[in-house]
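Heads up: the structure comes next, in structure tokens.
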Amino acid sequence: MLSPAPFRDRYQAGKILGETLRTLVSDPEAIVLALPRGGVPVGFEVARALHAGLDIFLVRKLGVPGHEELAMGAIASGGIRVLNQDLVRNLGISETMIDRAILREKLEIERRERLYRQGRPPLPVTGKLAILVDDGLATGATMTAAAMALREERPKQLIVAVPVGSREACQDLEKHADRVICAATPEPFYAVGAWYDDFSQTGDEEVRDLLARAAQARVP
């Protein structure tokens, strides 16, 4: 039988995570980067707690042609790309094949950014404290790709923060971030959704609304 869920919903989880981060982060220029869609309500509350900027960070896996379930890399917001060079070399994947995969996923990222940002430019990350946020970590594969990609933008410091995650995933992320904050690491883990009373899907409209509210809150 499952233990009681520690979070009512993503907003409460974000408030709890935000309170944890407030004791660790005092940088007035910190930027919270949420992974859509479920990470955005969490990131919204974290940004409020830290009085920080909120933006999205989109990541798309680059699948091996013909075996798309196998990732040869990832592409992220800003055109950042990370490739597993050993895999590319061992499988003999050509630059043309890589370019096609990148173009396809880049177009999807740009479509989603237009949908969510509504004309607002992305917040600059270079030289800033960047906090990558999601609603939880199961395997940690998406967050790992995001962290590796975000490194390419040269943030001053990179923190990965989630309300709940498997102990293994949180430990693995320490190889890719300066600090990993997992508010809860229940054992046995089961799945991220098992630790929320309400884990209903976050909609596109909700993401747009939260980003707009966060942007408006920072207008002098």
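Ligands are numbered from 1 in the order shown, chains are lettered A, B, ... in the order of the structure tokens, and residues start at 1 in each chain.
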
Problem set entry | Non-local contacts of Ala147 in chain A (8 Å; only C-alpha atoms; under 2 positions in same chain excluded) as a PyMOL selection string | chain A and resi 132+143-145+149-151+158+160+176-177

Could you save those same residues with N, CA and C atoms as a PDB file, in the first residue's frame?
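After the write, part.pdb holds the following:
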```pdb
ATOM      1  N   LEU A 132      17.041  24.857 -12.556  1.00  0.00           N
ATOM      2  CA  LEU A 132      16.193  24.010 -13.402  1.00  0.00           C
ATOM      3  C   LEU A 132      15.187  23.278 -12.521  1.00  0.00           C
ATOM      4  N   MET A 143      15.795  15.612 -17.402  1.00  0.00           N
ATOM      5  CA  MET A 143      16.502  16.641 -16.642  1.00  0.00           C
ATOM      6  C   MET A 143      17.999  16.598 -16.922  1.00  0.00           C
ATOM      7  N   THR A 144      18.553  15.411 -17.094  1.00  0.00           N
ATOM      8  CA  THR A 144      19.973  15.297 -17.431  1.00  0.00           C
ATOM      9  C   THR A 144      20.259  15.986 -18.751  1.00  0.00           C
ATOM     10  N   ALA A 145      19.414  15.745 -19.755  1.00  0.00           N
ATOM     11  CA  ALA A 145      19.583  16.398 -21.053  1.00  0.00           C
ATOM     12  C   ALA A 145      19.464  17.910 -20.902  1.00  0.00           C
ATOM     13  N   ALA A 149      22.457  20.563 -21.636  1.00  0.00           N
ATOM     14  CA  ALA A 149      22.229  21.599 -22.636  1.00  0.00           C
ATOM     15  C   ALA A 149      22.394  22.989 -22.034  1.00  0.00           C
ATOM     16  N   LEU A 150      21.873  23.187 -20.827  1.00  0.00           N
ATOM     17  CA  LEU A 150      21.948  24.504 -20.201  1.00  0.00           C
ATOM     18  C   LEU A 150      23.384  24.908 -19.894  1.00  0.00           C
ATOM     19  N   ARG A 151      24.238  23.943 -19.646  1.00  0.00           N
ATOM     20  CA  ARG A 151      25.657  24.231 -19.429  1.00  0.00           C
ATOM     21  C   ARG A 151      26.261  24.997 -20.609  1.00  0.00           C
ATOM     22  N   LEU A 158      24.585  26.210 -11.677  1.00  0.00           N
ATOM     23  CA  LEU A 158      23.409  25.455 -12.115  1.00  0.00           C
ATOM     24  C   LEU A 158      22.899  24.589 -10.969  1.00  0.00           C
ATOM     25  N   VAL A 160      19.703  22.042  -9.907  1.00  0.00           N
ATOM     26  CA  VAL A 160      18.530  21.257 -10.293  1.00  0.00           C
ATOM     27  C   VAL A 160      17.682  21.091  -9.038  1.00  0.00           C
ATOM     28  N   HIS A 176      25.910  16.443 -13.219  1.00  0.00           N
ATOM     29  CA  HIS A 176      25.620  17.426 -14.262  1.00  0.00           C
ATOM     30  C   HIS A 176      25.224  18.795 -13.724  1.00  0.00           C
ATOM     31  N   ALA A 177      25.101  18.934 -12.411  1.00  0.00           N
ATOM     32  CA  ALA A 177      24.705  20.207 -11.814  1.00  0.00           C
ATOM     33  C   ALA A 177      25.626  20.532 -10.648  1.00  0.00           C
TER      34      ALA A 177
END
```

For this session: Among the residues of range 13-138 of chain A, find those DSSP assigns to helix (DSSP H, G or I) from the backbone and print them as JSON, numbers by chain.
Result: {"A": [13, 14, 15, 16, 17, 18, 19, 20, 21, 22, 39, 40, 41, 42, 43, 44, 45, 46, 47, 48, 49, 50, 77, 78, 79, 85, 86, 87, 88, 89, 90, 91, 95, 96, 97, 98, 99, 100, 101, 102, 103, 104, 105, 106, 107, 108, 109, 110, 111, 112, 113, 114, 115, 116, 117]}

Problem set entry | Distance query Leu115 in chain A at most 10 Å, only C-alpha atoms, self and fewer than 6 positions along chain excluded, as number ranges by chain | A: 109, 204-205, 207-208

Could those residues be written to a file, using C-alpha atoms, as an mmCIF file, in the first residue's frame?
```cif
data_model
loop_
_atom_site.group_PDB
_atom_site.id
_atom_site.type_symbol
_atom_site.label_atom_id
_atom_site.label_comp_id
_atom_site.auth_asym_id
_atom_site.auth_seq_id
_atom_site.Cartn_x
_atom_site.Cartn_y
_atom_site.Cartn_z
ATOM 1 C CA ILE A 109 10.793 23.668 -29.756
ATOM 2 C CA ASP A 204 -0.980 24.801 -22.490
ATOM 3 C CA GLU A 205 -3.275 27.614 -21.356
ATOM 4 C CA VAL A 207 1.505 27.387 -18.841
ATOM 5 C CA ARG A 208 0.860 30.561 -20.853
#
```

Please provide as a short mmCIF file (atom, residue, chain, number, x, y, z; two decimals) with N, CA and C atoms, in the first residue's frame all residues within 12 Å of range 7-22 of chain A, with the sequence filter that same-chain residues fewer than 5 positions apart are discarded (counting only C-alpha atoms).
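This is the output file around24.cif:
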```cif
data_model
loop_
_atom_site.label_atom_id
_atom_site.label_comp_id
_atom_site.auth_asym_id
_atom_site.auth_seq_id
_atom_site.Cartn_x
_atom_site.Cartn_y
_atom_site.Cartn_z
N ASP A 27 20.68 34.98 -4.32
CA ASP A 27 21.10 35.74 -5.51
C ASP A 27 19.89 36.47 -6.09
N PRO A 28 19.91 37.82 -6.12
CA PRO A 28 18.75 38.57 -6.64
C PRO A 28 18.56 38.43 -8.14
N ALA A 30 18.87 35.44 -9.75
CA ALA A 30 18.62 34.04 -10.06
C ALA A 30 17.46 33.90 -11.04
N VAL A 32 14.69 31.05 -12.62
CA VAL A 32 14.08 29.73 -12.53
C VAL A 32 13.66 29.30 -13.93
N ALA A 34 11.77 26.35 -15.86
CA ALA A 34 10.88 25.22 -15.63
C ALA A 34 10.74 24.37 -16.89
N ARG A 37 5.40 20.51 -19.37
CA ARG A 37 4.46 21.48 -18.83
C ARG A 37 4.34 21.38 -17.32
N GLY A 38 4.50 20.17 -16.78
CA GLY A 38 4.28 19.97 -15.37
C GLY A 38 5.21 20.73 -14.45
N GLY A 39 6.39 21.08 -14.95
CA GLY A 39 7.33 21.81 -14.12
C GLY A 39 7.00 23.28 -13.95
N VAL A 40 6.10 23.81 -14.78
CA VAL A 40 5.83 25.25 -14.75
C VAL A 40 5.07 25.68 -13.50
N PRO A 41 4.00 24.98 -13.06
CA PRO A 41 3.37 25.39 -11.79
C PRO A 41 4.34 25.33 -10.61
N VAL A 42 5.21 24.31 -10.59
CA VAL A 42 6.21 24.21 -9.53
C VAL A 42 7.18 25.39 -9.63
N GLY A 43 7.67 25.65 -10.84
CA GLY A 43 8.61 26.74 -11.04
C GLY A 43 8.02 28.10 -10.73
N PHE A 44 6.72 28.26 -10.99
CA PHE A 44 6.05 29.53 -10.70
C PHE A 44 6.13 29.84 -9.20
N GLU A 45 5.85 28.85 -8.37
CA GLU A 45 5.89 29.07 -6.92
C GLU A 45 7.32 29.23 -6.42
N VAL A 46 8.26 28.52 -7.02
CA VAL A 46 9.67 28.68 -6.64
C VAL A 46 10.14 30.09 -6.98
N ALA A 47 9.79 30.57 -8.17
CA ALA A 47 10.18 31.92 -8.57
C ALA A 47 9.57 32.97 -7.65
N ARG A 48 8.32 32.77 -7.24
CA ARG A 48 7.68 33.70 -6.30
C ARG A 48 8.42 33.71 -4.97
N ALA A 49 8.80 32.55 -4.48
CA ALA A 49 9.49 32.47 -3.19
C ALA A 49 10.85 33.15 -3.23
N LEU A 50 11.51 33.07 -4.38
CA LEU A 50 12.86 33.63 -4.50
C LEU A 50 12.87 35.04 -5.10
N HIS A 51 11.68 35.54 -5.47
CA HIS A 51 11.58 36.81 -6.19
C HIS A 51 12.48 36.79 -7.44
N ALA A 52 12.41 35.67 -8.13
CA ALA A 52 13.28 35.43 -9.29
C ALA A 52 12.48 35.46 -10.58
N ILE A 131 18.26 27.89 -12.06
CA ILE A 131 17.64 26.82 -11.28
C ILE A 131 16.67 26.07 -12.18
N VAL A 133 13.90 23.39 -12.86
CA VAL A 133 12.84 22.86 -12.01
C VAL A 133 11.90 21.97 -12.82
N ASP A 134 11.51 20.85 -12.22
CA ASP A 134 10.45 20.01 -12.78
C ASP A 134 9.59 19.52 -11.62
N ASP A 135 8.50 18.80 -11.95
CA ASP A 135 7.62 18.34 -10.88
C ASP A 135 8.12 17.07 -10.21
N GLY A 136 9.17 16.47 -10.76
CA GLY A 136 9.74 15.29 -10.13
C GLY A 136 10.75 14.61 -11.03
N ILE A 159 21.66 24.85 -10.58
CA ILE A 159 21.00 24.05 -9.55
C ILE A 159 19.83 23.32 -10.19
N VAL A 160 19.70 22.04 -9.91
CA VAL A 160 18.53 21.26 -10.29
C VAL A 160 17.68 21.09 -9.04
N ALA A 161 16.39 21.42 -9.13
CA ALA A 161 15.52 21.36 -7.95
C ALA A 161 14.18 20.74 -8.31
N VAL A 162 13.77 19.76 -7.53
CA VAL A 162 12.47 19.10 -7.73
C VAL A 162 11.84 18.81 -6.37
N PRO A 163 10.51 18.74 -6.31
CA PRO A 163 9.85 18.42 -5.05
C PRO A 163 10.08 16.97 -4.62
N VAL A 164 10.15 16.06 -5.59
CA VAL A 164 10.26 14.64 -5.27
C VAL A 164 11.02 13.92 -6.38
N ARG A 179 24.54 21.71 -7.88
CA ARG A 179 23.81 21.28 -6.69
C ARG A 179 22.49 20.68 -7.12
N VAL A 180 22.05 19.64 -6.45
CA VAL A 180 20.76 19.00 -6.73
C VAL A 180 19.94 19.03 -5.44
N ILE A 181 18.74 19.60 -5.53
CA ILE A 181 17.84 19.69 -4.39
C ILE A 181 16.61 18.83 -4.69
N CYS A 182 16.47 17.74 -3.97
CA CYS A 182 15.27 16.90 -4.05
C CYS A 182 14.60 17.00 -2.68
N ALA A 183 13.47 17.69 -2.61
CA ALA A 183 12.81 17.92 -1.33
C ALA A 183 12.40 16.61 -0.66
N ALA A 184 12.04 15.61 -1.46
CA ALA A 184 11.66 14.31 -0.91
C ALA A 184 12.21 13.21 -1.81
N VAL A 192 6.54 9.45 -10.07
CA VAL A 192 6.36 10.83 -9.61
C VAL A 192 4.92 11.09 -9.20
N GLY A 193 3.97 10.67 -10.04
CA GLY A 193 2.56 10.94 -9.77
C GLY A 193 2.04 10.29 -8.50
N ALA A 194 2.72 9.27 -8.01
CA ALA A 194 2.28 8.60 -6.79
C ALA A 194 2.43 9.48 -5.56
N TRP A 195 3.19 10.55 -5.69
CA TRP A 195 3.47 11.42 -4.54
C TRP A 195 2.73 12.74 -4.63
N TYR A 196 1.68 12.76 -5.44
CA TYR A 196 0.78 13.91 -5.53
C TYR A 196 -0.65 13.43 -5.37
N ASP A 197 -1.45 14.16 -4.60
CA ASP A 197 -2.88 13.87 -4.56
C ASP A 197 -3.52 14.21 -5.90
N ASP A 198 -3.12 15.34 -6.47
CA ASP A 198 -3.63 15.80 -7.76
C ASP A 198 -2.46 15.91 -8.72
N PHE A 199 -2.38 14.97 -9.67
CA PHE A 199 -1.31 14.99 -10.67
C PHE A 199 -1.91 15.08 -12.07
N SER A 200 -3.03 15.80 -12.17
CA SER A 200 -3.68 15.98 -13.46
C SER A 200 -2.78 16.78 -14.39
N GLN A 201 -2.97 16.57 -15.68
CA GLN A 201 -2.09 17.18 -16.67
C GLN A 201 -2.17 18.70 -16.64
N THR A 202 -1.02 19.34 -16.75
CA THR A 202 -0.95 20.80 -16.88
C THR A 202 -1.21 21.15 -18.35
N LEU A 210 0.66 31.29 -16.44
CA LEU A 210 1.66 31.39 -15.38
C LEU A 210 2.87 32.19 -15.83
#
```

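The set of residues in range 85-153 of chain A assigned to strand (DSSP E) by DSSP, using only backbone atoms of this structure, is Leu129, Ala130, Ile131, Leu132 and Val133 of chain A.
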
Write out, as an mmCIF file, in the first residue's frame, the residues just selected, with N, CA and C atoms.
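The resulting file, out_4.cif, is shown below:
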```cif
data_model
loop_
_atom_site.group_PDB
_atom_site.id
_atom_site.type_symbol
_atom_site.label_atom_id
_atom_site.label_comp_id
_atom_site.auth_asym_id
_atom_site.auth_seq_id
_atom_site.Cartn_x
_atom_site.Cartn_y
_atom_site.Cartn_z
ATOM 1 N N LEU A 129 22.764 32.674 -11.977
ATOM 2 C CA LEU A 129 22.415 31.456 -11.266
ATOM 3 C C LEU A 129 21.139 30.899 -11.880
ATOM 4 N N ALA A 130 21.222 29.721 -12.457
ATOM 5 C CA ALA A 130 20.074 29.099 -13.124
ATOM 6 C C ALA A 130 19.577 27.931 -12.280
ATOM 7 N N ILE A 131 18.256 27.889 -12.060
ATOM 8 C CA ILE A 131 17.635 26.823 -11.276
ATOM 9 C C ILE A 131 16.674 26.068 -12.183
ATOM 10 N N LEU A 132 17.041 24.857 -12.556
ATOM 11 C CA LEU A 132 16.193 24.010 -13.402
ATOM 12 C C LEU A 132 15.187 23.278 -12.521
ATOM 13 N N VAL A 133 13.903 23.392 -12.860
ATOM 14 C CA VAL A 133 12.842 22.862 -12.013
ATOM 15 C C VAL A 133 11.903 21.965 -12.821
#
```

For this session: Could you give me, as a PyMOL selection string, the residues within 10 Å of range 122-126 of chain A, counting only C-alpha atoms and dropping anything in the same chain fewer than 6 positions from it?
Result: chain A and resi 29-33+53-57+77-78+113+150-157

Exercise. Which is closer to Arg117 in chain A than all the others in A:Pro188, A:Ser166, A:Leu58, A:Met97, using only C-alpha atoms?
Worked result: A:Leu58

For this session: Would you mind listing what lies within 12 Å of range 89-94 of chain A as a list of chain:residue names, with only C-alpha atoms counted and same-chain residues fewer than 2 positions away left out?
Result: A:Gly63, A:Val64, A:Pro65, A:Gly66, A:His67, A:Leu70, A:Met72, A:Gly73, A:Leu83, A:Asn84, A:Gln85, A:Asp86, A:Leu87, A:Thr96, A:Met97, A:Ile98, A:Asp99, A:Arg100, A:Ala101

Problem set entry | Atomic separation - CA of Glu105 in chain A relative to CA of Leu211 in chain A, Å | 22.5 Å

For this session: Go ahead and compute the interatomic distance for CA of Ser26 in chain A and CA of Met148 in chain A, in Å to one decimal.
Result: 24.1 Å
